[in-house]
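**Student:** See coords-v5.cif below, with mmCIF, C-alpha atoms.
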```
data_final
#
loop_
_atom_site.group_PDB
_atom_site.id
_atom_site.type_symbol
_atom_site.label_atom_id
_atom_site.label_comp_id
_atom_site.auth_asym_id
_atom_site.auth_seq_id
_atom_site.Cartn_x
_atom_site.Cartn_y
_atom_site.Cartn_z
ATOM 1 C CA MET Z 117 -65.605 -93.485 -3.780
ATOM 2 C CA LYS Z 118 -65.502 -93.207 -7.589
ATOM 3 C CA ILE Z 119 -65.483 -96.416 -9.650
ATOM 4 C CA VAL Z 120 -65.378 -96.935 -13.402
ATOM 5 C CA VAL Z 121 -66.810 -100.163 -14.804
ATOM 6 C CA GLY Z 122 -65.672 -101.198 -18.262
ATOM 7 C CA ILE Z 123 -67.411 -103.996 -20.136
ATOM 8 C CA THR Z 124 -65.799 -105.656 -23.151
ATOM 9 C CA GLY Z 125 -67.067 -108.199 -25.638
ATOM 10 C CA ALA Z 126 -65.423 -111.158 -23.918
ATOM 11 C CA SER Z 127 -67.661 -113.912 -22.651
ATOM 12 C CA GLY Z 128 -68.728 -113.275 -19.059
ATOM 13 C CA ALA Z 129 -71.425 -110.612 -19.317
ATOM 14 C CA PRO Z 130 -73.361 -112.111 -16.350
ATOM 15 C CA TYR Z 131 -70.469 -111.063 -14.083
ATOM 16 C CA ALA Z 132 -70.781 -107.472 -15.297
ATOM 17 C CA LYS Z 133 -74.560 -107.536 -14.950
ATOM 18 C CA ARG Z 134 -74.399 -108.725 -11.348
ATOM 19 C CA LEU Z 135 -71.613 -106.295 -10.416
ATOM 20 C CA LEU Z 136 -73.627 -103.385 -11.794
ATOM 21 C CA SER Z 137 -76.716 -104.592 -9.926
ATOM 22 C CA VAL Z 138 -74.829 -104.631 -6.618
ATOM 23 C CA LEU Z 139 -73.219 -101.240 -7.288
ATOM 24 C CA ALA Z 140 -76.612 -99.717 -8.208
ATOM 25 C CA GLU Z 141 -78.077 -101.035 -4.935
ATOM 26 C CA ARG Z 142 -75.111 -99.679 -2.995
ATOM 27 C CA ARG Z 143 -75.415 -96.292 -4.674
ATOM 28 C CA ARG Z 144 -79.032 -95.987 -3.540
ATOM 29 C CA VAL Z 145 -77.900 -96.124 0.098
ATOM 30 C CA ASP Z 146 -74.585 -94.344 -0.444
ATOM 31 C CA PRO Z 147 -74.968 -91.406 -2.840
ATOM 32 C CA ALA Z 148 -71.251 -90.639 -2.372
ATOM 33 C CA LEU Z 149 -70.522 -93.696 -4.530
ATOM 34 C CA GLU Z 150 -69.934 -92.300 -8.002
ATOM 35 C CA LEU Z 151 -69.998 -94.641 -10.973
ATOM 36 C CA GLY Z 152 -68.964 -94.322 -14.594
ATOM 37 C CA LEU Z 153 -69.616 -96.854 -17.334
ATOM 38 C CA CYS Z 154 -67.745 -97.550 -20.536
ATOM 39 C CA LEU Z 155 -68.382 -100.271 -23.130
ATOM 40 C CA SER Z 156 -66.294 -101.758 -25.895
ATOM 41 C CA PRO Z 157 -68.002 -101.869 -29.300
ATOM 42 C CA THR Z 158 -68.671 -105.624 -29.015
ATOM 43 C CA ALA Z 159 -69.982 -105.609 -25.424
ATOM 44 C CA PRO Z 160 -73.664 -105.146 -26.432
ATOM 45 C CA GLU Z 161 -73.536 -108.108 -28.822
ATOM 46 C CA VAL Z 162 -72.116 -110.515 -26.242
ATOM 47 C CA TRP Z 163 -74.463 -109.142 -23.554
ATOM 48 C CA ALA Z 164 -77.451 -109.923 -25.797
ATOM 49 C CA LEU Z 165 -76.216 -113.496 -26.260
ATOM 50 C CA GLU Z 166 -75.419 -114.155 -22.597
ATOM 51 C CA CYS Z 167 -77.892 -111.976 -20.682
ATOM 52 C CA GLY Z 168 -80.590 -111.263 -23.237
ATOM 53 C CA GLY Z 169 -81.932 -107.895 -24.193
ATOM 54 C CA ASP Z 170 -80.360 -104.589 -25.093
ATOM 55 C CA LEU Z 171 -77.389 -103.673 -22.895
ATOM 56 C CA ARG Z 172 -77.780 -99.905 -23.166
ATOM 57 C CA GLN Z 173 -81.501 -100.038 -22.398
ATOM 58 C CA GLN Z 174 -80.927 -102.325 -19.401
ATOM 59 C CA LEU Z 175 -78.207 -100.008 -18.107
ATOM 60 C CA ARG Z 176 -80.537 -97.001 -18.354
ATOM 61 C CA GLU Z 177 -83.240 -98.901 -16.461
ATOM 62 C CA GLN Z 178 -80.917 -100.315 -13.807
ATOM 63 C CA MET Z 179 -78.406 -97.508 -13.360
ATOM 64 C CA GLY Z 180 -80.643 -94.487 -13.906
ATOM 65 C CA ASP Z 181 -78.660 -91.302 -14.270
ATOM 66 C CA ILE Z 182 -75.208 -92.907 -14.250
ATOM 67 C CA PRO Z 183 -73.461 -91.761 -17.409
ATOM 68 C CA LEU Z 184 -72.578 -94.260 -20.091
ATOM 69 C CA TRP Z 185 -69.589 -92.805 -21.922
ATOM 70 C CA GLY Z 186 -68.770 -93.486 -25.552
ATOM 71 C CA GLN Z 187 -65.487 -95.031 -26.663
ATOM 72 C CA ARG Z 188 -64.265 -91.746 -28.127
ATOM 73 C CA ASP Z 189 -65.618 -89.441 -25.418
ATOM 74 C CA TYR Z 190 -62.412 -88.332 -23.765
ATOM 75 C CA ARG Z 191 -64.360 -85.671 -21.840
ATOM 76 C CA ALA Z 192 -65.267 -88.451 -19.395
ATOM 77 C CA PRO Z 193 -63.861 -87.487 -15.999
ATOM 78 C CA PHE Z 194 -61.990 -90.759 -15.559
ATOM 79 C CA ALA Z 195 -59.980 -90.089 -18.751
ATOM 80 C CA SER Z 196 -57.665 -87.913 -16.649
ATOM 81 C CA GLY Z 197 -55.782 -88.684 -13.468
ATOM 82 C CA SER Z 198 -56.540 -85.229 -12.087
ATOM 83 C CA ALA Z 199 -60.224 -86.194 -11.672
ATOM 84 C CA GLY Z 200 -59.262 -88.541 -8.836
ATOM 85 C CA TRP Z 201 -61.233 -91.662 -9.627
ATOM 86 C CA ASP Z 202 -60.418 -94.426 -7.127
ATOM 87 C CA ALA Z 203 -60.784 -97.677 -9.049
ATOM 88 C CA MET Z 204 -61.668 -99.335 -12.321
ATOM 89 C CA VAL Z 205 -62.997 -102.804 -13.009
ATOM 90 C CA ILE Z 206 -63.021 -104.281 -16.504
ATOM 91 C CA VAL Z 207 -65.438 -107.190 -16.431
ATOM 92 C CA PRO Z 208 -65.241 -109.236 -18.508
ATOM 93 C CA CYS Z 209 -61.866 -108.235 -19.892
ATOM 94 C CA SER Z 210 -61.053 -109.510 -23.360
ATOM 95 C CA MET Z 211 -57.536 -110.593 -24.156
ATOM 96 C CA GLY Z 212 -57.376 -107.891 -26.837
ATOM 97 C CA THR Z 213 -58.214 -105.232 -24.252
ATOM 98 C CA ALA Z 214 -55.674 -106.669 -21.816
ATOM 99 C CA ALA Z 215 -53.012 -106.623 -24.554
ATOM 100 C CA ARG Z 216 -53.702 -102.998 -25.451
ATOM 101 C CA ILE Z 217 -53.563 -101.918 -21.805
ATOM 102 C CA ALA Z 218 -50.401 -103.959 -21.166
ATOM 103 C CA HIS Z 219 -48.660 -102.196 -24.019
ATOM 104 C CA GLY Z 220 -49.909 -98.680 -23.343
ATOM 105 C CA ILE Z 221 -52.206 -98.498 -26.358
ATOM 106 C CA SER Z 222 -54.883 -96.057 -25.237
ATOM 107 C CA ASP Z 223 -56.944 -96.200 -28.406
ATOM 108 C CA SER Z 224 -60.352 -95.916 -26.714
ATOM 109 C CA LEU Z 225 -61.835 -94.400 -23.594
ATOM 110 C CA LEU Z 226 -61.820 -97.821 -21.938
ATOM 111 C CA THR Z 227 -58.105 -98.412 -22.491
ATOM 112 C CA ARG Z 228 -57.284 -94.773 -21.688
ATOM 113 C CA ALA Z 229 -59.115 -95.039 -18.351
ATOM 114 C CA ALA Z 230 -57.189 -98.219 -17.513
ATOM 115 C CA ASP Z 231 -53.940 -96.473 -18.450
ATOM 116 C CA VAL Z 232 -54.874 -93.618 -16.096
ATOM 117 C CA MET Z 233 -55.446 -96.054 -13.232
ATOM 118 C CA LEU Z 234 -52.028 -97.618 -13.771
ATOM 119 C CA LYS Z 235 -50.114 -94.353 -14.119
ATOM 120 C CA GLU Z 236 -51.829 -92.891 -11.049
ATOM 121 C CA ARG Z 237 -51.224 -96.091 -9.036
ATOM 122 C CA ARG Z 238 -54.927 -96.574 -8.431
ATOM 123 C CA LYS Z 239 -56.869 -99.820 -8.345
ATOM 124 C CA LEU Z 240 -57.336 -101.537 -11.669
ATOM 125 C CA VAL Z 241 -59.064 -104.918 -11.567
ATOM 126 C CA LEU Z 242 -59.169 -106.964 -14.759
ATOM 127 C CA VAL Z 243 -61.523 -109.942 -14.894
ATOM 128 C CA PRO Z 244 -60.491 -112.126 -17.826
ATOM 129 C CA ARG Z 245 -62.798 -114.963 -18.822
ATOM 130 C CA GLU Z 246 -60.776 -116.872 -21.351
ATOM 131 C CA THR Z 247 -59.606 -120.447 -21.556
ATOM 132 C CA PRO Z 248 -57.148 -121.776 -22.386
ATOM 133 C CA LEU Z 249 -54.633 -118.952 -22.090
ATOM 134 C CA SER Z 250 -51.829 -118.714 -24.623
ATOM 135 C CA VAL Z 251 -48.303 -117.680 -23.676
ATOM 136 C CA ILE Z 252 -49.074 -114.278 -25.196
ATOM 137 C CA HIS Z 253 -52.119 -113.904 -22.911
ATOM 138 C CA LEU Z 254 -50.096 -114.961 -19.881
ATOM 139 C CA GLU Z 255 -47.280 -112.551 -20.691
ATOM 140 C CA ASN Z 256 -49.716 -109.654 -21.135
ATOM 141 C CA LEU Z 257 -51.446 -110.474 -17.846
ATOM 142 C CA THR Z 258 -48.067 -110.757 -16.105
ATOM 143 C CA THR Z 259 -47.057 -107.370 -17.532
ATOM 144 C CA LEU Z 260 -50.276 -105.881 -16.161
ATOM 145 C CA ALA Z 261 -49.760 -107.447 -12.733
ATOM 146 C CA ARG Z 262 -46.229 -106.053 -12.626
ATOM 147 C CA ALA Z 263 -47.621 -102.620 -13.528
ATOM 148 C CA GLY Z 264 -49.979 -102.778 -10.539
ATOM 149 C CA ALA Z 265 -53.207 -104.237 -11.896
ATOM 150 C CA THR Z 266 -55.068 -106.966 -10.061
ATOM 151 C CA ILE Z 267 -55.728 -109.905 -12.354
ATOM 152 C CA LEU Z 268 -58.882 -111.562 -11.056
ATOM 153 C CA PRO Z 269 -59.860 -114.341 -13.465
ATOM 154 C CA ALA Z 270 -63.518 -115.280 -13.485
ATOM 155 C CA MET Z 271 -62.813 -118.489 -11.582
ATOM 156 C CA PRO Z 272 -65.622 -119.149 -9.117
ATOM 157 C CA SER Z 273 -65.027 -120.888 -5.823
ATOM 158 C CA PHE Z 274 -66.974 -123.973 -4.858
ATOM 159 C CA TYR Z 275 -66.255 -124.351 -1.117
ATOM 160 C CA SER Z 276 -69.399 -122.347 -0.404
ATOM 161 C CA ASN Z 277 -71.435 -125.088 -2.123
ATOM 162 C CA PRO Z 278 -73.161 -122.904 -4.719
ATOM 163 C CA ARG Z 279 -76.704 -124.025 -5.406
ATOM 164 C CA SER Z 280 -77.341 -121.975 -8.536
ATOM 165 C CA MET Z 281 -75.633 -120.163 -11.371
ATOM 166 C CA ASP Z 282 -76.312 -116.932 -9.462
ATOM 167 C CA ASP Z 283 -74.284 -118.272 -6.524
ATOM 168 C CA VAL Z 284 -71.400 -119.123 -8.855
ATOM 169 C CA VAL Z 285 -71.469 -115.627 -10.384
ATOM 170 C CA ASP Z 286 -71.665 -114.061 -6.909
ATOM 171 C CA SER Z 287 -68.479 -115.816 -5.802
ATOM 172 C CA VAL Z 288 -66.542 -113.904 -8.483
ATOM 173 C CA VAL Z 289 -68.420 -110.617 -8.035
ATOM 174 C CA SER Z 290 -67.790 -110.782 -4.278
ATOM 175 C CA ARG Z 291 -64.044 -110.966 -4.897
ATOM 176 C CA ILE Z 292 -64.221 -108.057 -7.376
ATOM 177 C CA LEU Z 293 -65.971 -105.934 -4.752
ATOM 178 C CA ASP Z 294 -63.380 -106.969 -2.155
ATOM 179 C CA HIS Z 295 -60.577 -105.735 -4.378
ATOM 180 C CA VAL Z 296 -62.122 -102.329 -5.028
ATOM 181 C CA GLY Z 297 -62.826 -101.892 -1.315
ATOM 182 C CA ILE Z 298 -66.576 -102.456 -1.134
ATOM 183 C CA GLY Z 299 -67.683 -104.780 1.634
ATOM 184 C CA ASN Z 300 -70.264 -107.381 0.732
ATOM 185 C CA ASP Z 301 -71.880 -110.611 1.821
ATOM 186 C CA LEU Z 302 -72.542 -112.143 -1.576
ATOM 187 C CA MET Z 303 -70.900 -115.430 -0.686
ATOM 188 C CA ARG Z 304 -70.035 -117.521 2.341
ATOM 189 C CA ARG Z 305 -66.471 -116.705 3.356
ATOM 190 C CA TRP Z 306 -63.830 -119.340 3.949
ATOM 191 C CA GLY Z 307 -63.842 -120.469 7.562
ATOM 192 C CA THR Z 308 -67.443 -119.405 8.255
ATOM 193 C CA THR Z 309 -70.352 -121.750 8.771
#
```
Take the structure in this file and express it as structure tokens.
**Tutor:**
Amino acid sequence: MKIVVGITGASGAPYAKRLLSVLAERRRVDPALELGLCLSPTAPEVWALECGGDLRQQLREQMGDIPLWGQRDYRAPFASGSAGWDAMVIVPCSMGTAARIAHGISDSLLTRAADVMLKERRKLVLVPRETPLSVIHLENLTTLARAGATILPAMPSFYSNPRSMDDVVDSVVSRILDHVGIGNDLMRRWGTT
């Protein structure tokens, strides 16, 4: 499986950090899992505020040899549908990024990769973390859902009785993994004890 993870400058960097941690662990036991990373220009700034430290350095330490592609590096394999990447997650997804994708504005590698996922009918999961949502936001998200994207707002569940912030984050990350087809046990499932 080949998955692209895009990180924007929206609030919600802890969701991205945890998702990457789980994917890095999974990759250690499943070398067939191929990952690509792409950041918006403001992602490092928000990461520093919400997670602490330097995003690029932490990615190198955590993800090892997984390439981190620049916003203008259209040589990235996931910039073309012929490369056959299976899924993309944008977490967190800013409303500006969602708007550009919804309207076919592929002005960066991140938005181009999302456009590829839509045109190829592959999995695209957008994780917005914005509140409240304006009518413009809602219309853009509806446009994306109609085009085939999964809109998975960073809305944690509480029926599993989370005991920590990590548990709250895991409830969203678990659902992200579900939607890209990666089994996980990050949270207690509905109907289980």
**Student:** What is the CA of Leu153 (chain Z)-CA of Ile119 (chain Z) distance in Å, reported with one decimal?
**Tutor:**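 Atom-to-atom, CA of Leu153 (chain Z) and CA of Ile119 (chain Z) are spaced 8.7 Å apart.
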**Student:** Which polymer residues have any atom within 6 Å of an atom of region 159-169 of chain Z, counting all atoms listed in the file, with same-chain residues fewer than 6 positions away left out, as an MDAnalysis selection string?
**Tutor:** chainID Z and resid 124:125 129
**Student:** Write a file of the selected residues as an mmCIF file, keeping the file's coordinate frame, keeping C-alpha atoms.
**Tutor:**
```
data_model
loop_
_atom_site.group_PDB
_atom_site.id
_atom_site.type_symbol
_atom_site.label_atom_id
_atom_site.label_comp_id
_atom_site.auth_asym_id
_atom_site.auth_seq_id
_atom_site.Cartn_x
_atom_site.Cartn_y
_atom_site.Cartn_z
ATOM 1 C CA THR Z 124 -65.799 -105.656 -23.151
ATOM 2 C CA GLY Z 125 -67.067 -108.199 -25.638
ATOM 3 C CA ALA Z 129 -71.425 -110.612 -19.317
#
```
**Student:** Could you tell me which of Z:Ser210, Z:Ala270, Z:Pro244, Z:Ala215 comes closest to Val284 (chain Z) if we count all atoms listed in the file?
**Tutor:**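 Ranking Z:Ser210, Z:Ala270, Z:Pro244, Z:Ala215 by distance to Val284 (chain Z), first place goes to Z:Ala270.
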**Student:** CA of Asp170 (chain Z) and CA of Val121 (chain Z) are how many Å apart?
**Tutor:**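 CA of Val121 (chain Z) lies at a distance of 17.6 Å from CA of Asp170 (chain Z).
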**Student:** Evaluate the PyMOL selection byres ((chain Z and resi 296) around 12) against this structure - the residues, as a ChimeraX atom specification, please.
**Tutor:** /Z:117-121,135,139,201-206,238-242,265-266,268,289-295,297-300
**Student:** Find the spatial neighbours of region 191-194 of chain Z, counting all atoms listed in the file, within a cut-off of 9 Å - ignore same-chain residues fewer than 5 positions away - and output them as a VMD selection string.
**Tutor:** chain Z and resid 119 to 120 152 185 to 186 199 to 201 225 228 to 229 232 to 233
**Student:** Evaluate the PyMOL selection byres ((chain Z and resi 212) around 10) and record the selected residues as a list of chain:residue names, following the chain and residue labels used in the document.
**Tutor:** Z:Thr124, Z:Gly125, Z:Ala126, Z:Cys209, Z:Ser210, Z:Met211, Z:Thr213, Z:Ala214, Z:Ala215, Z:Arg216, Z:Ile217, Z:Ala218, Z:His253, Z:Asn256
**Student:** Can you tell me how far CA of Pro183 (chain Z) sits from CA of Gly220 (chain Z), in Å to one decimal?
**Tutor:**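 Interatomic distance here is 25.3 Å.
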**Student:** Neighbouring residues of Pro278 (chain Z) were defined as those with any atom within 12 Å, considering only C-alpha atoms; residues of the same chain fewer than 4 positions away were excluded. Please report them as a CSV table (one decimal) with C-alpha atoms, in the coordinates of the input.
**Tutor:**
```
chain,number,residue,atom,x,y,z
Z,272,PRO,CA,-65.6,-119.1,-9.1
Z,273,SER,CA,-65.0,-120.9,-5.8
Z,274,PHE,CA,-67.0,-124.0,-4.9
Z,282,ASP,CA,-76.3,-116.9,-9.5
Z,283,ASP,CA,-74.3,-118.3,-6.5
Z,284,VAL,CA,-71.4,-119.1,-8.9
Z,285,VAL,CA,-71.5,-115.6,-10.4
Z,286,ASP,CA,-71.7,-114.1,-6.9
Z,287,SER,CA,-68.5,-115.8,-5.8
Z,288,VAL,CA,-66.5,-113.9,-8.5
Z,302,LEU,CA,-72.5,-112.1,-1.6
Z,303,MET,CA,-70.9,-115.4,-0.7
Z,304,ARG,CA,-70.0,-117.5,2.3
```
**Student:** For Asp181 (chain Z), which residue out of Z:Ala140, Z:Cys154, Z:Ile267, Z:Ala195 is the nearest one, using only C-alpha atoms?
**Tutor:**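 Nearest to Asp181 (chain Z): Z:Ala140.
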**Student:** Counting all atoms listed in the file, figure out which residue out of Z:Met271, Z:Asp146, Z:Leu254, Z:Leu260 gets nearest to His219 (chain Z).
**Tutor:**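 Checking each of Z:Met271, Z:Asp146, Z:Leu254, Z:Leu260 against His219 (chain Z), counting all atoms listed in the file, the winner is Z:Leu260.
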**Student:** Could you tell me which of Z:Ala261, Z:Leu175, Z:Leu234, Z:Val207 comes closest to Gly128 (chain Z) if we count all atoms listed in the file?
**Tutor:**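 Going through Z:Ala261, Z:Leu175, Z:Leu234, Z:Val207 one by one, the smallest distance to Gly128 (chain Z) is for Z:Val207.
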**Student:** Expanded to explicit residues, what is the PyMOL selection byres ((chain Z and resi 179) around 10) for this file, as number ranges by chain?
**Tutor:** Z: 136-137, 139-141, 143-144, 151, 153, 173-178, 180-184
**Student:** Only C-alpha atoms needed: put region 159-226 of chain Z from the block into a file as an mmCIF file, in the first residue's frame.
**Tutor:**
```cif
data_model
loop_
_atom_site.group_PDB
_atom_site.id
_atom_site.type_symbol
_atom_site.label_atom_id
_atom_site.label_comp_id
_atom_site.auth_asym_id
_atom_site.auth_seq_id
_atom_site.Cartn_x
_atom_site.Cartn_y
_atom_site.Cartn_z
ATOM 1 C CA ALA Z 159 2.771 23.469 8.726
ATOM 2 C CA PRO Z 160 6.142 23.769 10.551
ATOM 3 C CA GLU Z 161 5.048 26.936 12.361
ATOM 4 C CA VAL Z 162 1.815 25.426 13.680
ATOM 5 C CA TRP Z 163 3.597 22.151 14.525
ATOM 6 C CA ALA Z 164 6.090 24.088 16.671
ATOM 7 C CA LEU Z 165 3.228 25.776 18.536
ATOM 8 C CA GLU Z 166 1.156 22.631 19.083
ATOM 9 C CA CYS Z 167 3.727 19.824 19.279
ATOM 10 C CA GLY Z 168 6.951 21.643 20.060
ATOM 11 C CA GLY Z 169 10.196 21.341 18.207
ATOM 12 C CA ASP Z 170 11.169 21.409 14.565
ATOM 13 C CA LEU Z 171 8.781 19.472 12.321
ATOM 14 C CA ARG Z 172 11.328 18.535 9.664
ATOM 15 C CA GLN Z 173 13.859 17.334 12.234
ATOM 16 C CA GLN Z 174 11.216 15.279 14.060
ATOM 17 C CA LEU Z 175 10.094 13.735 10.773
ATOM 18 C CA ARG Z 176 13.674 12.736 9.925
ATOM 19 C CA GLU Z 177 14.079 11.151 13.363
ATOM 20 C CA GLN Z 178 10.708 9.397 13.368
ATOM 21 C CA MET Z 179 10.278 8.475 9.714
ATOM 22 C CA GLY Z 180 13.884 7.768 8.752
ATOM 23 C CA ASP Z 181 14.314 7.424 5.022
ATOM 24 C CA ILE Z 182 10.755 8.368 4.061
ATOM 25 C CA PRO Z 183 11.020 11.243 1.610
ATOM 26 C CA LEU Z 184 9.703 14.651 2.547
ATOM 27 C CA TRP Z 185 8.806 16.352 -0.725
ATOM 28 C CA GLY Z 186 8.865 20.095 -1.271
ATOM 29 C CA GLN Z 187 5.804 22.065 -2.341
ATOM 30 C CA ARG Z 188 7.198 22.622 -5.830
ATOM 31 C CA ASP Z 189 8.753 19.184 -6.318
ATOM 32 C CA TYR Z 190 6.459 17.734 -8.940
ATOM 33 C CA ARG Z 191 8.904 14.844 -9.440
ATOM 34 C CA ALA Z 192 7.270 13.252 -6.387
ATOM 35 C CA PRO Z 193 5.747 9.954 -7.498
ATOM 36 C CA PHE Z 194 2.307 10.786 -6.129
ATOM 37 C CA ALA Z 195 2.107 13.873 -8.389
ATOM 38 C CA SER Z 196 0.973 11.555 -11.191
ATOM 39 C CA GLY Z 197 -1.849 9.048 -11.319
ATOM 40 C CA SER Z 198 0.308 6.597 -13.256
ATOM 41 C CA ALA Z 199 2.437 5.986 -10.130
ATOM 42 C CA GLY Z 200 -0.488 4.154 -8.529
ATOM 43 C CA TRP Z 201 -0.548 5.570 -5.030
ATOM 44 C CA ASP Z 202 -3.502 4.160 -3.070
ATOM 45 C CA ALA Z 203 -4.525 6.904 -0.657
ATOM 46 C CA MET Z 204 -3.836 10.369 0.670
ATOM 47 C CA VAL Z 205 -4.617 11.881 4.043
ATOM 48 C CA ILE Z 206 -4.412 15.620 4.654
ATOM 49 C CA VAL Z 207 -4.267 16.095 8.405
ATOM 50 C CA PRO Z 208 -4.980 18.699 9.522
ATOM 51 C CA CYS Z 209 -6.565 20.169 6.418
ATOM 52 C CA SER Z 210 -6.891 23.939 6.352
ATOM 53 C CA MET Z 211 -9.958 25.504 4.830
ATOM 54 C CA GLY Z 212 -7.729 27.239 2.273
ATOM 55 C CA THR Z 213 -6.326 23.881 1.171
ATOM 56 C CA ALA Z 214 -9.811 22.369 1.023
ATOM 57 C CA ALA Z 215 -11.001 25.308 -1.108
ATOM 58 C CA ARG Z 216 -8.123 24.963 -3.561
ATOM 59 C CA ILE Z 217 -8.688 21.217 -3.921
ATOM 60 C CA ALA Z 218 -12.462 21.669 -4.274
ATOM 61 C CA HIS Z 219 -11.928 24.068 -7.144
ATOM 62 C CA GLY Z 220 -9.151 22.196 -8.923
ATOM 63 C CA ILE Z 221 -6.403 24.666 -8.062
ATOM 64 C CA SER Z 222 -3.290 22.500 -8.054
ATOM 65 C CA ASP Z 223 -0.862 25.247 -7.119
ATOM 66 C CA SER Z 224 1.397 23.092 -4.924
ATOM 67 C CA LEU Z 225 2.474 19.486 -4.669
ATOM 68 C CA LEU Z 226 0.003 18.960 -1.830
#
```
